[in-house]
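Next up, start37.cif (mmCIF, C-alpha atoms):
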```
data_final
loop_
_atom_site.label_atom_id
_atom_site.label_comp_id
_atom_site.auth_asym_id
_atom_site.auth_seq_id
_atom_site.Cartn_x
_atom_site.Cartn_y
_atom_site.Cartn_z
CA MET A 20 -35.31 2.92 17.84
CA ALA A 21 -34.10 0.91 20.84
CA ARG A 22 -32.27 -2.44 20.68
CA ALA A 23 -32.24 -5.16 23.35
CA PHE A 24 -29.61 -7.77 24.19
CA LEU A 25 -30.83 -10.50 26.56
CA VAL A 26 -27.92 -12.64 27.76
CA VAL A 27 -28.35 -15.81 29.82
CA MET A 28 -25.33 -16.94 31.81
CA ASP A 29 -26.44 -20.56 31.99
CA SER A 30 -26.67 -21.77 35.63
CA VAL A 31 -25.27 -18.63 37.29
CA GLY A 32 -27.66 -18.69 40.25
CA ILE A 33 -27.52 -16.54 43.37
CA GLY A 34 -29.20 -18.74 45.98
CA GLY A 35 -32.30 -18.08 48.00
CA ALA A 36 -35.04 -19.90 46.04
CA PRO A 37 -37.98 -20.09 48.47
CA ASP A 38 -38.89 -23.63 47.37
CA ALA A 39 -35.33 -25.05 47.31
CA ALA A 40 -36.18 -27.62 49.99
CA ALA A 41 -38.43 -29.41 47.48
CA TYR A 42 -35.53 -29.99 45.03
CA PHE A 43 -32.73 -32.47 45.50
CA ASN A 44 -29.29 -33.61 44.45
CA GLY A 45 -29.57 -37.28 45.33
CA ASP A 46 -31.19 -37.28 48.76
CA ILE A 47 -29.84 -33.83 49.72
CA PRO A 48 -32.19 -30.84 49.32
CA ASP A 49 -30.99 -27.74 47.46
CA THR A 50 -31.60 -25.56 50.53
CA GLY A 51 -28.65 -23.20 50.89
CA ALA A 52 -27.19 -23.70 47.40
CA ASN A 53 -25.72 -20.47 46.04
CA THR A 54 -23.66 -20.68 42.85
CA VAL A 55 -22.11 -17.19 42.81
CA GLY A 56 -21.95 -16.81 46.58
CA HIS A 57 -20.16 -20.10 47.18
CA ILE A 58 -17.73 -19.61 44.29
CA ALA A 59 -16.82 -16.20 45.73
CA GLN A 60 -16.31 -17.77 49.17
CA GLN A 61 -14.06 -20.51 47.80
CA CYS A 62 -12.02 -17.98 45.83
CA ALA A 63 -11.58 -15.77 48.91
CA ARG A 64 -10.35 -18.78 50.90
CA GLY A 65 -7.79 -19.70 48.28
CA LEU A 66 -9.65 -22.91 47.40
CA ALA A 67 -10.18 -22.09 43.70
CA SER A 68 -6.61 -21.70 42.49
CA VAL A 69 -6.36 -23.87 39.38
CA GLU A 70 -5.33 -21.55 36.51
CA ARG A 71 -6.36 -18.56 38.62
CA GLU A 72 -5.82 -17.23 42.13
CA GLY A 73 -7.19 -14.86 44.74
CA PRO A 74 -10.67 -13.40 45.20
CA LEU A 75 -13.27 -13.64 42.45
CA LYS A 76 -12.60 -10.77 40.04
CA VAL A 77 -15.78 -9.70 38.26
CA PRO A 78 -15.76 -5.88 38.52
CA HIS A 79 -18.11 -5.25 35.59
CA LEU A 80 -20.77 -7.73 36.75
CA ASP A 81 -20.44 -6.39 40.27
CA GLY A 82 -20.60 -2.85 38.96
CA LEU A 83 -24.00 -3.66 37.46
CA GLY A 84 -25.17 -5.01 40.83
CA LEU A 85 -24.19 -8.72 41.07
CA GLY A 86 -23.04 -8.52 44.68
CA ARG A 87 -26.18 -6.68 45.72
CA ALA A 88 -28.33 -9.20 43.86
CA VAL A 89 -26.68 -12.11 45.71
CA GLN A 90 -27.39 -10.43 49.03
CA LEU A 91 -30.97 -9.61 48.05
CA ALA A 92 -31.66 -13.16 46.88
CA SER A 93 -30.03 -15.13 49.66
CA GLY A 94 -29.02 -12.80 52.48
CA ALA A 95 -25.39 -13.85 51.92
CA VAL A 96 -22.55 -11.42 51.32
CA ALA A 97 -20.33 -12.64 48.48
CA PRO A 98 -16.69 -11.88 49.38
CA GLY A 99 -15.15 -9.31 47.06
CA LEU A 100 -18.49 -8.26 45.55
CA GLY A 101 -19.61 -5.00 47.05
CA ARG A 102 -19.45 -2.22 44.50
CA GLU A 103 -22.03 0.52 44.35
CA PRO A 104 -24.19 -0.52 41.37
CA LYS A 105 -24.19 1.65 38.27
CA GLY A 106 -26.86 -0.48 36.63
CA VAL A 107 -30.38 -1.61 37.38
CA TRP A 108 -30.30 -4.79 39.46
CA GLY A 109 -32.57 -7.31 41.12
CA ALA A 110 -33.25 -10.99 41.72
CA ALA A 111 -35.73 -13.16 39.82
CA THR A 112 -37.68 -16.14 41.19
CA GLU A 113 -39.02 -18.96 39.02
CA THR A 114 -42.54 -20.37 39.30
CA SER A 115 -42.17 -23.27 36.83
CA THR A 116 -41.53 -26.56 38.59
CA GLY A 117 -38.42 -27.57 36.64
CA LYS A 118 -34.88 -26.45 37.46
CA ASP A 119 -33.77 -26.99 33.87
CA THR A 120 -32.92 -25.14 30.68
CA PRO A 121 -36.34 -25.13 28.93
CA SER A 122 -38.25 -24.19 32.09
CA GLY A 123 -35.93 -21.31 32.88
CA HIS A 124 -35.71 -19.94 29.36
CA TRP A 125 -39.40 -20.27 28.56
CA GLU A 126 -40.33 -18.41 31.72
CA LEU A 127 -37.67 -15.75 31.12
CA ALA A 128 -39.34 -15.34 27.72
CA GLY A 129 -42.72 -14.81 29.37
CA LEU A 130 -44.24 -18.32 29.42
CA PRO A 131 -44.10 -20.40 32.63
CA VAL A 132 -44.19 -24.12 31.83
CA PRO A 133 -47.84 -25.25 32.14
CA TRP A 134 -47.06 -28.91 32.92
CA THR A 135 -44.73 -31.10 34.94
CA TRP A 136 -41.86 -32.53 32.90
CA HIS A 137 -41.39 -36.28 32.69
CA HIS A 138 -38.09 -37.52 34.12
CA PHE A 139 -36.43 -40.91 33.78
CA THR A 140 -35.93 -41.47 37.50
CA GLN A 141 -34.32 -44.93 37.49
CA THR A 142 -30.53 -44.52 37.41
CA THR A 143 -30.07 -47.86 35.60
CA LYS A 144 -32.39 -49.45 33.05
CA SER A 145 -33.79 -45.96 32.78
CA PHE A 146 -35.90 -46.16 29.63
CA PRO A 147 -39.19 -47.97 28.93
CA PRO A 148 -39.09 -50.80 26.37
CA GLU A 149 -41.23 -48.91 23.87
CA LEU A 150 -38.75 -46.01 23.78
CA ILE A 151 -35.79 -48.34 23.33
CA GLN A 152 -37.61 -50.14 20.52
CA ARG A 153 -38.39 -46.85 18.80
CA VAL A 154 -34.69 -45.91 18.85
CA CYS A 155 -33.76 -49.32 17.46
CA ASP A 156 -36.35 -49.11 14.69
CA LEU A 157 -35.28 -45.63 13.63
CA ALA A 158 -31.55 -46.39 13.81
CA LYS A 159 -31.97 -49.87 12.29
CA VAL A 160 -29.99 -51.50 15.11
CA ASP A 161 -30.74 -54.40 17.44
CA GLY A 162 -30.08 -52.64 20.73
CA ILE A 163 -28.74 -49.59 22.54
CA LEU A 164 -25.85 -48.99 24.93
CA GLY A 165 -26.03 -47.12 28.22
CA ASN A 166 -29.70 -46.98 29.24
CA CYS A 167 -28.77 -45.14 32.44
CA HIS A 168 -28.04 -41.85 34.17
CA ALA A 169 -24.52 -40.81 33.25
CA SER A 170 -21.99 -38.06 32.68
CA GLY A 171 -21.75 -37.35 28.97
CA THR A 172 -17.97 -37.34 29.00
CA GLU A 173 -17.67 -40.54 31.02
CA ILE A 174 -20.20 -42.58 29.09
CA VAL A 175 -18.44 -42.12 25.75
CA VAL A 176 -15.25 -43.38 27.36
CA GLU A 177 -17.07 -46.40 28.78
CA PHE A 178 -19.00 -47.36 25.65
CA GLY A 179 -17.15 -45.61 22.79
CA GLU A 180 -15.28 -48.67 21.52
CA GLU A 181 -18.31 -50.96 21.75
CA HIS A 182 -20.44 -48.34 19.99
CA MET A 183 -17.96 -48.12 17.10
CA ARG A 184 -17.79 -51.92 16.88
CA THR A 185 -21.53 -52.63 17.07
CA GLY A 186 -23.12 -49.44 15.72
CA LYS A 187 -25.47 -49.29 18.70
CA PRO A 188 -26.19 -45.70 19.84
CA ILE A 189 -25.27 -44.70 23.39
CA CYS A 190 -28.45 -43.54 25.16
CA TYR A 191 -28.43 -41.89 28.56
CA THR A 192 -30.17 -39.28 30.70
CA SER A 193 -29.69 -37.17 33.82
CA ALA A 194 -31.79 -35.56 36.51
CA ASP A 195 -33.10 -33.21 33.77
CA SER A 196 -36.01 -34.08 31.51
CA VAL A 197 -33.77 -35.22 28.65
CA PHE A 198 -33.03 -38.19 26.40
CA GLN A 199 -29.46 -37.99 25.10
CA ILE A 200 -27.91 -39.97 22.27
CA ALA A 201 -24.13 -40.08 21.81
CA ALA A 202 -22.69 -41.38 18.55
CA HIS A 203 -19.38 -41.23 16.72
CA GLU A 204 -19.33 -38.64 13.94
CA ASP A 205 -17.37 -40.89 11.59
CA SER A 206 -18.36 -44.50 12.28
CA PHE A 207 -22.05 -43.76 12.98
CA GLY A 208 -22.33 -40.53 11.00
CA LEU A 209 -23.15 -37.03 12.16
CA GLN A 210 -26.11 -36.55 9.85
CA ARG A 211 -27.43 -40.00 10.76
CA LEU A 212 -27.32 -39.01 14.45
CA MET A 213 -29.15 -35.75 13.74
CA ASP A 214 -31.79 -37.54 11.69
CA LEU A 215 -32.25 -40.13 14.43
CA CYS A 216 -32.79 -37.45 17.09
CA ALA A 217 -35.11 -35.40 14.89
CA ASP A 218 -37.24 -38.44 14.05
CA LEU A 219 -37.33 -39.61 17.66
CA ALA A 220 -38.15 -36.20 19.15
CA PRO A 221 -41.94 -36.18 18.52
CA PHE A 222 -42.31 -39.55 20.27
CA VAL A 223 -40.29 -38.35 23.27
CA HIS A 224 -42.04 -34.99 23.41
CA ARG A 225 -45.42 -36.72 23.70
CA MET A 226 -44.06 -38.17 26.96
CA LYS A 227 -43.45 -34.54 28.09
CA VAL A 228 -39.69 -35.08 28.02
CA GLY A 229 -38.22 -31.67 27.32
CA ARG A 230 -35.35 -32.44 24.96
CA VAL A 231 -33.71 -35.05 22.79
CA ILE A 232 -30.04 -34.09 22.65
CA ALA A 233 -27.61 -35.24 19.97
CA ARG A 234 -24.14 -35.68 21.51
CA PRO A 235 -21.63 -36.42 18.74
CA PHE A 236 -18.05 -37.39 19.57
CA ARG A 237 -14.86 -38.39 17.78
CA GLY A 238 -11.63 -40.21 18.54
CA THR A 239 -10.50 -43.77 19.19
CA GLU A 240 -10.14 -45.96 22.25
CA SER A 241 -6.35 -45.67 22.16
CA ALA A 242 -6.26 -41.90 21.56
CA GLY A 243 -9.32 -41.15 23.65
CA PHE A 244 -12.85 -40.06 22.84
CA LYS A 245 -13.94 -36.42 22.98
CA ARG A 246 -17.29 -34.76 22.36
CA THR A 247 -17.39 -32.29 19.49
CA GLY A 248 -19.07 -28.90 19.25
CA ASN A 249 -21.85 -30.25 17.01
CA ARG A 250 -24.32 -30.86 19.82
CA ARG A 251 -27.92 -30.11 18.95
CA ASP A 252 -31.00 -29.98 21.17
CA PHE A 253 -34.37 -31.05 19.77
CA ALA A 254 -36.66 -29.35 22.27
CA ILE A 255 -40.40 -29.52 22.70
CA ALA A 256 -41.98 -26.39 21.26
CA PRO A 257 -43.39 -23.79 23.66
CA PRO A 258 -47.19 -24.17 23.81
CA GLY A 259 -47.79 -20.45 23.31
CA PRO A 260 -46.16 -17.24 22.06
CA VAL A 261 -43.00 -16.08 23.84
CA LEU A 262 -40.83 -12.98 23.74
CA THR A 263 -39.21 -13.94 20.44
CA ASN A 264 -42.67 -14.23 18.84
CA TRP A 265 -43.79 -10.93 20.32
CA VAL A 266 -40.78 -9.14 18.84
CA GLN A 267 -40.99 -10.85 15.47
CA ASP A 268 -44.75 -10.25 15.24
CA ALA A 269 -44.05 -6.55 15.75
CA GLY A 270 -41.96 -6.64 12.58
CA ARG A 271 -38.56 -6.70 14.27
CA ARG A 272 -35.60 -9.07 13.81
CA VAL A 273 -34.60 -11.66 16.41
CA TYR A 274 -31.07 -13.06 16.62
CA ALA A 275 -30.35 -16.26 18.57
CA VAL A 276 -26.83 -16.76 19.91
CA GLY A 277 -25.99 -20.24 21.21
CA LYS A 278 -28.68 -22.82 21.88
CA ILE A 279 -31.58 -20.32 22.01
CA GLY A 280 -32.85 -21.47 18.62
CA ASP A 281 -32.95 -25.07 19.83
CA ILE A 282 -34.61 -24.20 23.15
CA PHE A 283 -37.46 -22.41 21.40
CA SER A 284 -37.68 -24.80 18.41
CA MET A 285 -36.84 -21.81 16.18
CA GLN A 286 -40.10 -20.07 17.06
CA GLY A 287 -39.70 -16.35 16.51
CA ILE A 288 -36.05 -16.65 15.42
CA ASP A 289 -34.66 -14.99 12.30
CA GLN A 290 -30.96 -15.90 12.46
CA VAL A 291 -28.89 -18.29 14.58
CA PHE A 292 -25.24 -18.15 15.60
CA LYS A 293 -23.66 -21.25 17.15
CA GLY A 294 -20.28 -22.38 18.46
CA SER A 295 -18.24 -22.55 21.65
CA ASP A 296 -18.77 -19.85 24.26
CA ALA A 297 -15.66 -18.07 22.98
CA GLU A 298 -17.05 -18.13 19.43
CA LEU A 299 -20.48 -17.03 20.66
CA MET A 300 -18.92 -14.05 22.40
CA VAL A 301 -17.41 -12.94 19.09
CA HIS A 302 -20.84 -13.19 17.47
CA LEU A 303 -22.50 -11.28 20.31
CA GLN A 304 -19.94 -8.48 20.20
CA SER A 305 -20.35 -8.26 16.44
CA LEU A 306 -24.13 -7.95 16.85
CA LEU A 307 -23.59 -5.04 19.22
CA ASP A 308 -22.13 -3.27 16.19
CA THR A 309 -24.44 -4.57 13.47
CA ALA A 310 -27.89 -5.52 14.84
CA GLU A 311 -30.47 -3.16 13.42
CA GLU A 312 -32.69 -0.80 15.38
CA GLY A 313 -35.62 -2.40 17.16
CA SER A 314 -34.04 -5.88 17.17
CA LEU A 315 -33.69 -8.45 19.95
CA THR A 316 -30.53 -10.47 20.42
CA PHE A 317 -31.13 -13.43 22.76
CA ALA A 318 -27.96 -15.26 23.83
CA ASN A 319 -27.07 -18.25 25.99
CA PHE A 320 -23.59 -19.07 27.27
CA VAL A 321 -23.80 -22.73 28.29
CA GLU A 322 -20.29 -23.63 29.39
CA PHE A 323 -20.69 -22.31 32.95
CA ASP A 324 -23.19 -25.14 33.30
CA SER A 325 -21.94 -27.89 31.01
CA LEU A 326 -18.20 -27.68 31.68
CA TYR A 327 -18.02 -26.51 35.29
CA GLY A 328 -21.30 -26.68 37.21
CA HIS A 329 -22.18 -30.30 36.51
CA ARG A 330 -18.56 -31.32 36.98
CA ARG A 331 -18.35 -29.44 40.31
CA ASP A 332 -15.28 -27.56 39.12
CA VAL A 333 -15.09 -24.42 41.25
CA SER A 334 -11.87 -23.07 39.76
CA GLY A 335 -13.10 -23.64 36.22
CA TYR A 336 -16.39 -21.91 36.99
CA ALA A 337 -14.55 -18.96 38.55
CA CYS A 338 -12.30 -18.70 35.47
CA ALA A 339 -15.37 -18.68 33.23
CA LEU A 340 -17.01 -15.92 35.26
CA GLU A 341 -13.83 -13.83 35.11
CA TRP A 342 -13.52 -14.41 31.35
CA PHE A 343 -17.13 -13.34 30.84
CA ASP A 344 -16.54 -10.24 32.97
CA VAL A 345 -13.60 -9.13 30.82
CA CYS A 346 -15.78 -9.59 27.74
CA LEU A 347 -18.60 -7.69 29.44
CA GLY A 348 -16.30 -4.70 29.81
CA ARG A 349 -15.84 -4.68 26.04
CA MET A 350 -19.59 -5.08 25.48
CA LEU A 351 -20.44 -2.17 27.74
CA ALA A 352 -18.06 0.03 25.77
CA ARG A 353 -19.87 -0.91 22.53
CA LEU A 354 -23.43 -0.22 23.68
CA GLN A 355 -25.12 2.43 21.56
CA ALA A 356 -27.54 5.09 22.70
CA GLY A 357 -30.91 3.46 23.34
CA ASP A 358 -29.48 -0.03 23.85
CA MET A 359 -30.48 -2.28 26.76
CA LEU A 360 -28.21 -5.12 27.87
CA LEU A 361 -29.92 -7.45 30.34
CA ILE A 362 -27.88 -10.24 31.93
CA THR A 363 -29.58 -13.05 33.82
CA ALA A 364 -29.54 -16.85 34.31
CA ASP A 365 -31.95 -19.76 33.94
CA HIS A 366 -31.25 -21.79 37.14
CA GLY A 367 -28.34 -22.57 39.45
CA ASN A 368 -25.60 -25.20 39.34
CA ASP A 369 -23.54 -24.67 42.48
CA PRO A 370 -20.14 -26.31 41.88
CA THR A 371 -19.58 -26.63 45.64
CA TRP A 372 -22.80 -28.63 46.08
CA ARG A 373 -23.32 -32.33 46.46
CA GLY A 374 -24.23 -34.41 43.42
CA THR A 375 -24.05 -33.27 39.80
CA ASP A 376 -27.52 -31.82 39.14
CA HIS A 377 -28.71 -28.23 38.79
CA THR A 378 -29.57 -26.39 42.00
CA ARG A 379 -32.84 -24.54 42.60
CA GLU A 380 -31.90 -20.86 42.99
CA ARG A 381 -32.96 -17.34 42.25
CA VAL A 382 -31.05 -15.63 39.44
CA PRO A 383 -29.57 -12.16 38.98
CA VAL A 384 -31.12 -9.53 36.75
CA LEU A 385 -28.49 -6.94 35.78
CA ILE A 386 -29.30 -4.19 33.29
CA ALA A 387 -26.98 -1.76 31.52
CA GLY A 388 -28.30 1.16 29.47
CA LYS A 389 -31.21 2.06 31.74
CA GLY A 390 -29.44 4.08 34.42
CA ALA A 391 -29.05 2.89 38.00
CA GLY A 392 -31.69 1.54 40.34
CA GLN A 393 -33.11 -1.45 42.17
CA LEU A 394 -35.74 -3.80 40.78
CA GLY A 395 -36.05 -5.77 44.00
CA HIS A 396 -37.60 -9.24 43.76
CA ILE A 397 -39.27 -9.99 40.43
CA GLY A 398 -40.44 -13.10 38.57
CA PHE A 399 -38.65 -14.79 35.69
CA ARG A 400 -41.48 -13.78 33.36
CA ASP A 401 -40.97 -10.12 34.32
CA VAL A 402 -37.67 -10.27 32.40
CA ALA A 403 -39.64 -10.67 29.15
CA ALA A 404 -41.86 -7.75 30.13
CA LEU A 405 -38.83 -5.54 30.80
CA VAL A 406 -37.37 -6.33 27.38
CA ALA A 407 -40.70 -5.88 25.60
CA GLN A 408 -41.26 -2.58 27.33
CA HIS A 409 -37.84 -1.35 26.26
CA LEU A 410 -38.51 -2.35 22.64
CA ASP A 411 -42.05 -0.90 22.79
CA VAL A 412 -43.44 -4.29 21.80
CA PRO A 413 -46.94 -5.30 22.96
CA VAL A 414 -47.16 -8.10 25.53
CA PRO A 415 -50.10 -10.42 24.73
#
```

Please express what this file holds, its structure, as structure tokens.
Amino acid sequence: MARAFLVVMDSVGIGGAPDAAAYFNGDIPDTGANTVGHIAQQCARGLASVEREGPLKVPHLDGLGLGRAVQLASGAVAPGLGREPKGVWGAATETSTGKDTPSGHWELAGLPVPWTWHHFTQTTKSFPPELIQRVCDLAKVDGILGNCHASGTEIVVEFGEEHMRTGKPICYTSADSVFQIAAHEDSFGLQRLMDLCADLAPFVHRMKVGRVIARPFRGTESAGFKRTGNRRDFAIAPPGPVLTNWVQDAGRRVYAVGKIGDIFSMQGIDQVFKGSDAELMVHLQSLLDTAEEGSLTFANFVEFDSLYGHRRDVSGYACALEWFDVCLGRMLARLQAGDMLLITADHGNDPTWRGTDHTRERVPVLIAGKGAGQLGHIGFRDVAALVAQHLDVPVP
């Protein structure tokens, strides 16, 4: 019986979204953003040379059709990406209105988002009084810190000492539909932070805010504050069955690698593996050896987005792509007869672009284990159909 491995390279867009002009970073539209294409251009020009050098080196991704997918999506030729594809390749276009993690993943799993997400649009004094009061009541504190749009790494530096002294949680947001709470693992308590976010989530979800995110950190003002790997997303549940449910309802096992379990509120998930991207890759490669017949492994690698896209770090993003490509070579060698490995993304986050927000882009669809061929332009939700078809699972 066939197995399927669906891998999301978080934010690895390929440009060309037809509605990009309606999406913005600040007051600049996303028209022309192209995550992979622009990284390849910067590498070819010698402008991405921190801890790496030369053209972008992703032979395995390109061998599955990445360069062709960039050209199909955007019309741009990515320097150094031009191999004849040995996989099935195409470009997927999103219909959901958000350019965020839940929108992308839900639609990749077969369910376009049926509403418009609520965003906290004010960059300062971002949250309504009733939300602030709810946080205070649940945390048993007399106020919050932050209350603004902010970088998660910068805001813990700015408010870390005051948070430890007062016990007030650091609350912030971004251009995404999120409410984030940062708290010190020791002085505030990791479990207390998780309980606060879990208890707050239903209230926030009723506002159609996609996620409450727990952002624990450690350290001191003198030594510096640093976020830990214990992040957890409390996401609004999908309003209908998705790919994971379809597979589980057919009596098969579903493995979630990374934040997939959080994104889908554990719907249709049998077992979760978490950690850094490096740790997740170990889990994914192990599952290539051990996942049973008929199973689905659904993985997300977030650090392209969280560490490099939002921070507009071109060299770091290029390094991450090249690391993933080396790992992909090992994965391809471990595929068994009947396996399907489908690599895609959930949105863009062009590190050469203005601002710090995601960019509205098409995404690659690269498939190993199904021969060679061209998919052309497809929808995000067609990815779920391709996986279901491979597993011989009914699509509702």

Would you pick out the contacts of range 188-193 of chain A at 10 Å or less, using only C-alpha atoms, so that residues sharing its chain but fewer than 3 positions from it are not included, and give the list as a PyMOL selection string?
chain A and resi 138-146+151+154-155+158+160+162-171+174-175+177-179+181-183+185+196-203+207+212+215+231-234+375-376

Hits from the PyMOL selection byres ((chain A and resi 321) around 12), listed as number ranges by chain
A: 26-31, 120, 248, 250, 276-279, 293-297, 299-300, 318-320, 322-329, 336, 339-340, 343, 364-366, 368

Residues near range 257-264 of chain A, cut-off 10 Å, all atoms listed in the file, skip fewer than 5 positions along chain, as a ChimeraX atom specification
/A:121-122,124-133,269-275,282-289,315-317,400,402-404,406-407,412-415

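Here CA of Leu394 in chain A stands at a distance of 29.2 Å from CA of His302 in chain A.
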
Kindly resolve the PyMOL selection byres ((chain A and resi 37) around 10) on the present coordinates and return the residues as a ChimeraX atom specification.
/A:34-36,38-41,50,92-93,112-113,379-381

Nearest to Leu75 in chain A: which of A:Gly109, A:Pro104, A:Gly243, A:Gly335 is it, counting all atoms listed in the file?
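The answer is A:Gly335, which sits nearest to Leu75 in chain A.
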